[in-house]
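Below is one structure, written out as structure tokens, with a few remarks after it.
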Amino acid sequence: MKQQGAPKKQGARKASLVRSVWRSTVGKKAVMAVTGLAMLAYLVAHMLGNLKIFFGSGDFNGYAHWLRTIGEPVLHHEWFLWLARVGLVVAVVLHAVAAYQLSRRDIAARPAKYERKRRRASYATRTMRWGGIILGLFIVWHLLDLTTLTVNPRAEAGHPYENVVASFRTWYSGALYIVAMLALGLHIRHGFWSAAQTL
């Protein structure tokens with residue numbers, strides 16, 4: 001009986017440790033740092049793959065097809081993509097929830113303004129929250145534009161190169177991508193150094 005109870009106690013201790021880390025400010029900052037770095041690694045890989053668009057439709061469409069076959073025959077068609085998507089959703093949700101909760105704690109800890117003005121933070125730091133919201137909205141647009149093809153005016157399933165070209169032929173799509181990349185640059189500039197300090 002004691003041997004059966006020991007694994008349960010260890011499981012309860014681990015769960016308690018995870019809860020106490022998550023509840024602490026340092027734990028939330030660590031979660032933000034780790035999830036942020038994971039998303040940054042994905043972003044770099046995504047960017048490198050998307051650079052194939054400059055080599056023409058054959059290379060880009062071949063790359064898009066390869067993404068759907070990663071892991072075969074061990075994994076079924078598109079399973080790797082779905083595992084990556086689930087991992088990214090978990091990372092985004094944890095990152096956003098930790099950011100929101102830390103923001104609430106910050107406001108609760110200092111409800112009144114400082115009597116003397118503090119040194120102004122950098123522009124990237126001051127716009128971090130809005131940058132995160134802009135990026136969240138952009139991710140939704142990006143998925144509707146090039147994954148589900150809902151908002152892409154001339155989209156054709158199975159033709160990723162042509163879909164990207166069709167998307168960027170509209171002025172508003174180009175403008176959205178430019179604004180999102182500026183927000184992303186500011187977010188990474190501040191977030192990367194914050195993550196390094198935290199970890």
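Identifiers for the structure tokens are assigned positionally: chains receive A, B, ... in sequence, residues are indexed from 1 per chain, and ligands are indexed from 1 in the order shown.
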Worksheet entry | Every residue of chain A that DSSP places in alpha helix (DSSP H), as a ChimeraX atom specification | /A:2-23,25-50,57-69,79-109,123-126,128-146,160-168,171-198
Worksheet item: Leaving out A:Ile134 and any residue of its chain fewer than 5 positions from it, which residues lie within 9 Å of it when counting only C-alpha atoms, given as a list in words?
Response: Arg129, Ile139, Val179, Ala180, Ala183 and Leu184 of chain A
Now that the selection is made, can you save its residues with N, CA, C and O atoms as a compact mmCIF listing (two decimals), in the first residue's frame?
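Now in result-v9.txt:
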# COMPACT_ATOMS: atom_id res chain seq x y z
N ARG A 129 2.35 45.95 -24.91
CA ARG A 129 1.00 45.38 -24.81
C ARG A 129 0.24 45.53 -26.11
O ARG A 129 -0.37 44.58 -26.60
N ILE A 139 -2.15 37.44 -36.56
CA ILE A 139 -2.09 35.98 -36.71
C ILE A 139 -3.43 35.44 -37.21
O ILE A 139 -3.49 34.59 -38.09
N VAL A 179 2.52 46.73 -41.29
CA VAL A 179 2.24 47.15 -39.91
C VAL A 179 2.57 46.01 -38.94
O VAL A 179 3.19 46.22 -37.89
N ALA A 180 2.17 44.79 -39.29
CA ALA A 180 2.42 43.64 -38.42
C ALA A 180 3.91 43.38 -38.26
O ALA A 180 4.38 43.07 -37.16
N ALA A 183 5.34 45.95 -35.86
CA ALA A 183 4.96 45.59 -34.49
C ALA A 183 5.77 44.40 -34.01
O ALA A 183 6.22 44.35 -32.86
N LEU A 184 5.98 43.43 -34.90
CA LEU A 184 6.75 42.24 -34.55
C LEU A 184 8.20 42.61 -34.21
O LEU A 184 8.76 42.12 -33.23
Find the residues of stretch 22-79 of chain A that sit at most 12 Å from stretch 165-174 of chain A; for each, write down the nearest two atoms and how far apart they are in Å, to one decimal. Count only C-alpha atoms. Sort by chain, then by number going up, and give it as CSV.
residue,atom,partner,partner_atom,distance
A:Ile53,CA,A:Val165,CA,9.4
A:Phe54,CA,A:Val165,CA,11.3
A:Gly56,CA,A:Val165,CA,10.9
A:Ser57,CA,A:Val165,CA,9.9
A:Phe60,CA,A:Val165,CA,11.6
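Distances here use only C-alpha atoms; by that measure, the residue among A:Trp22, A:Trp130, A:Phe192, A:Tyr42 closest to A:Ala91 is A:Tyr42.
Atom to atom, atom CA of A:Asp59 and atom CA of A:Glu162 stand 12.3 Å apart.
Here the question is which of A:Ile70, A:Ile133, A:Ala45, A:Leu81 gets nearest to A:Thr147 using only C-alpha atoms, and that residue is A:Leu81.
Those residues that approach A:Thr127 to within 12 Å, counting only C-alpha atoms, are A:Ala121, A:Ser122, A:Gly132, A:Ile133, A:Ile134, A:Leu135, A:Leu182, A:Ala183, A:Leu184, A:Gly185, A:Leu186, A:His187, A:Ile188, A:Arg189, A:His190, A:Gly191; same-chain residues fewer than 5 positions away are not listed.
Counting only C-alpha atoms and comparing A:Arg105, A:Lys8, A:His65, A:Lys14, the residue that lies closest to A:Gly158 is A:His65.
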Go through stretch 81-179 of chain A and flag each residue having an atom no more than 8 Å from stretch 35-39 of chain A; for those, report the closest pair of atoms plus their distance in Å to one decimal, using only C-alpha atoms, ordered by chain and rising number, as a Markdown table.
| residue | atom | partner | partner_atom | distance |
| --- | --- | --- | --- | --- |
| A:Leu88 | CA | A:Met39 | CA | 7.0 |
| A:Ala91 | CA | A:Thr35 | CA | 5.1 |
| A:Val92 | CA | A:Thr35 | CA | 7.2 |
| A:Leu94 | CA | A:Thr35 | CA | 7.3 |
| A:His95 | CA | A:Thr35 | CA | 6.0 |
For the residues in that selection, give me all heavy atoms as a PDB file, in the first residue's frame.
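New file selection_4.pdb:
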ATOM      1  N   LEU A  88       2.030  25.656 -31.022  1.00  0.00           N
ATOM      2  CA  LEU A  88       2.037  27.121 -31.141  1.00  0.00           C
ATOM      3  C   LEU A  88       0.844  27.750 -30.424  1.00  0.00           C
ATOM      4  O   LEU A  88       0.992  28.787 -29.771  1.00  0.00           O
ATOM      5  CB  LEU A  88       2.034  27.533 -32.618  1.00  0.00           C
ATOM      6  CG  LEU A  88       3.379  27.441 -33.304  1.00  0.00           C
ATOM      7  CD1 LEU A  88       3.205  27.605 -34.818  1.00  0.00           C
ATOM      8  CD2 LEU A  88       4.339  28.498 -32.774  1.00  0.00           C
ATOM      9  N   ALA A  91       1.611  27.746 -26.789  1.00  0.00           N
ATOM     10  CA  ALA A  91       2.617  28.769 -26.493  1.00  0.00           C
ATOM     11  C   ALA A  91       2.005  30.166 -26.507  1.00  0.00           C
ATOM     12  O   ALA A  91       2.259  30.982 -25.609  1.00  0.00           O
ATOM     13  CB  ALA A  91       3.774  28.688 -27.481  1.00  0.00           C
ATOM     14  N   VAL A  92       1.173  30.459 -27.511  1.00  0.00           N
ATOM     15  CA  VAL A  92       0.544  31.782 -27.621  1.00  0.00           C
ATOM     16  C   VAL A  92      -0.385  32.036 -26.438  1.00  0.00           C
ATOM     17  O   VAL A  92      -0.364  33.115 -25.837  1.00  0.00           O
ATOM     18  CB  VAL A  92      -0.222  31.915 -28.965  1.00  0.00           C
ATOM     19  CG1 VAL A  92      -1.124  33.148 -28.969  1.00  0.00           C
ATOM     20  CG2 VAL A  92       0.758  31.990 -30.129  1.00  0.00           C
ATOM     21  N   LEU A  94      -0.395  30.571 -23.372  1.00  0.00           N
ATOM     22  CA  LEU A  94       0.381  30.736 -22.133  1.00  0.00           C
ATOM     23  C   LEU A  94       1.073  32.105 -22.101  1.00  0.00           C
ATOM     24  O   LEU A  94       1.085  32.776 -21.065  1.00  0.00           O
ATOM     25  CB  LEU A  94       1.425  29.624 -22.005  1.00  0.00           C
ATOM     26  CG  LEU A  94       0.897  28.244 -21.624  1.00  0.00           C
ATOM     27  CD1 LEU A  94       2.015  27.205 -21.717  1.00  0.00           C
ATOM     28  CD2 LEU A  94       0.309  28.247 -20.215  1.00  0.00           C
ATOM     29  N   HIS A  95       1.636  32.509 -23.225  1.00  0.00           N
ATOM     30  CA  HIS A  95       2.334  33.795 -23.322  1.00  0.00           C
ATOM     31  C   HIS A  95       1.368  34.952 -23.048  1.00  0.00           C
ATOM     32  O   HIS A  95       1.671  35.851 -22.261  1.00  0.00           O
ATOM     33  CB  HIS A  95       2.933  33.921 -24.732  1.00  0.00           C
ATOM     34  CG  HIS A  95       3.951  34.982 -24.879  1.00  0.00           C
ATOM     35  ND1 HIS A  95       5.257  34.835 -24.465  1.00  0.00           N
ATOM     36  CD2 HIS A  95       3.876  36.237 -25.414  1.00  0.00           C
ATOM     37  CE1 HIS A  95       5.930  35.938 -24.743  1.00  0.00           C
ATOM     38  NE2 HIS A  95       5.116  36.800 -25.315  1.00  0.00           N
TER      39      HIS A  95
END
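Using only C-alpha atoms, the protein and nucleic acid residues lying no more than 8 Å from A:Lys28, apart from those fewer than 5 places from it along its own chain, are Val21, Trp22, Arg23, Ala98, Ala99 and Leu102 of chain A.
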Worksheet item: Can you list, as number ranges by chain, every protein, DNA or RNA residue that comes within 12 Å of A:Thr150 when you count only C-alpha atoms, leaving out same-chain residues fewer than 5 positions away?
Response: A: 140-145, 155-157, 163, 167
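Using only C-alpha atoms for every distance, the candidate list A:Ala109, A:Lys52, A:Glu72, A:Ala84 yields A:Lys52 as the residue closest to A:Val164.
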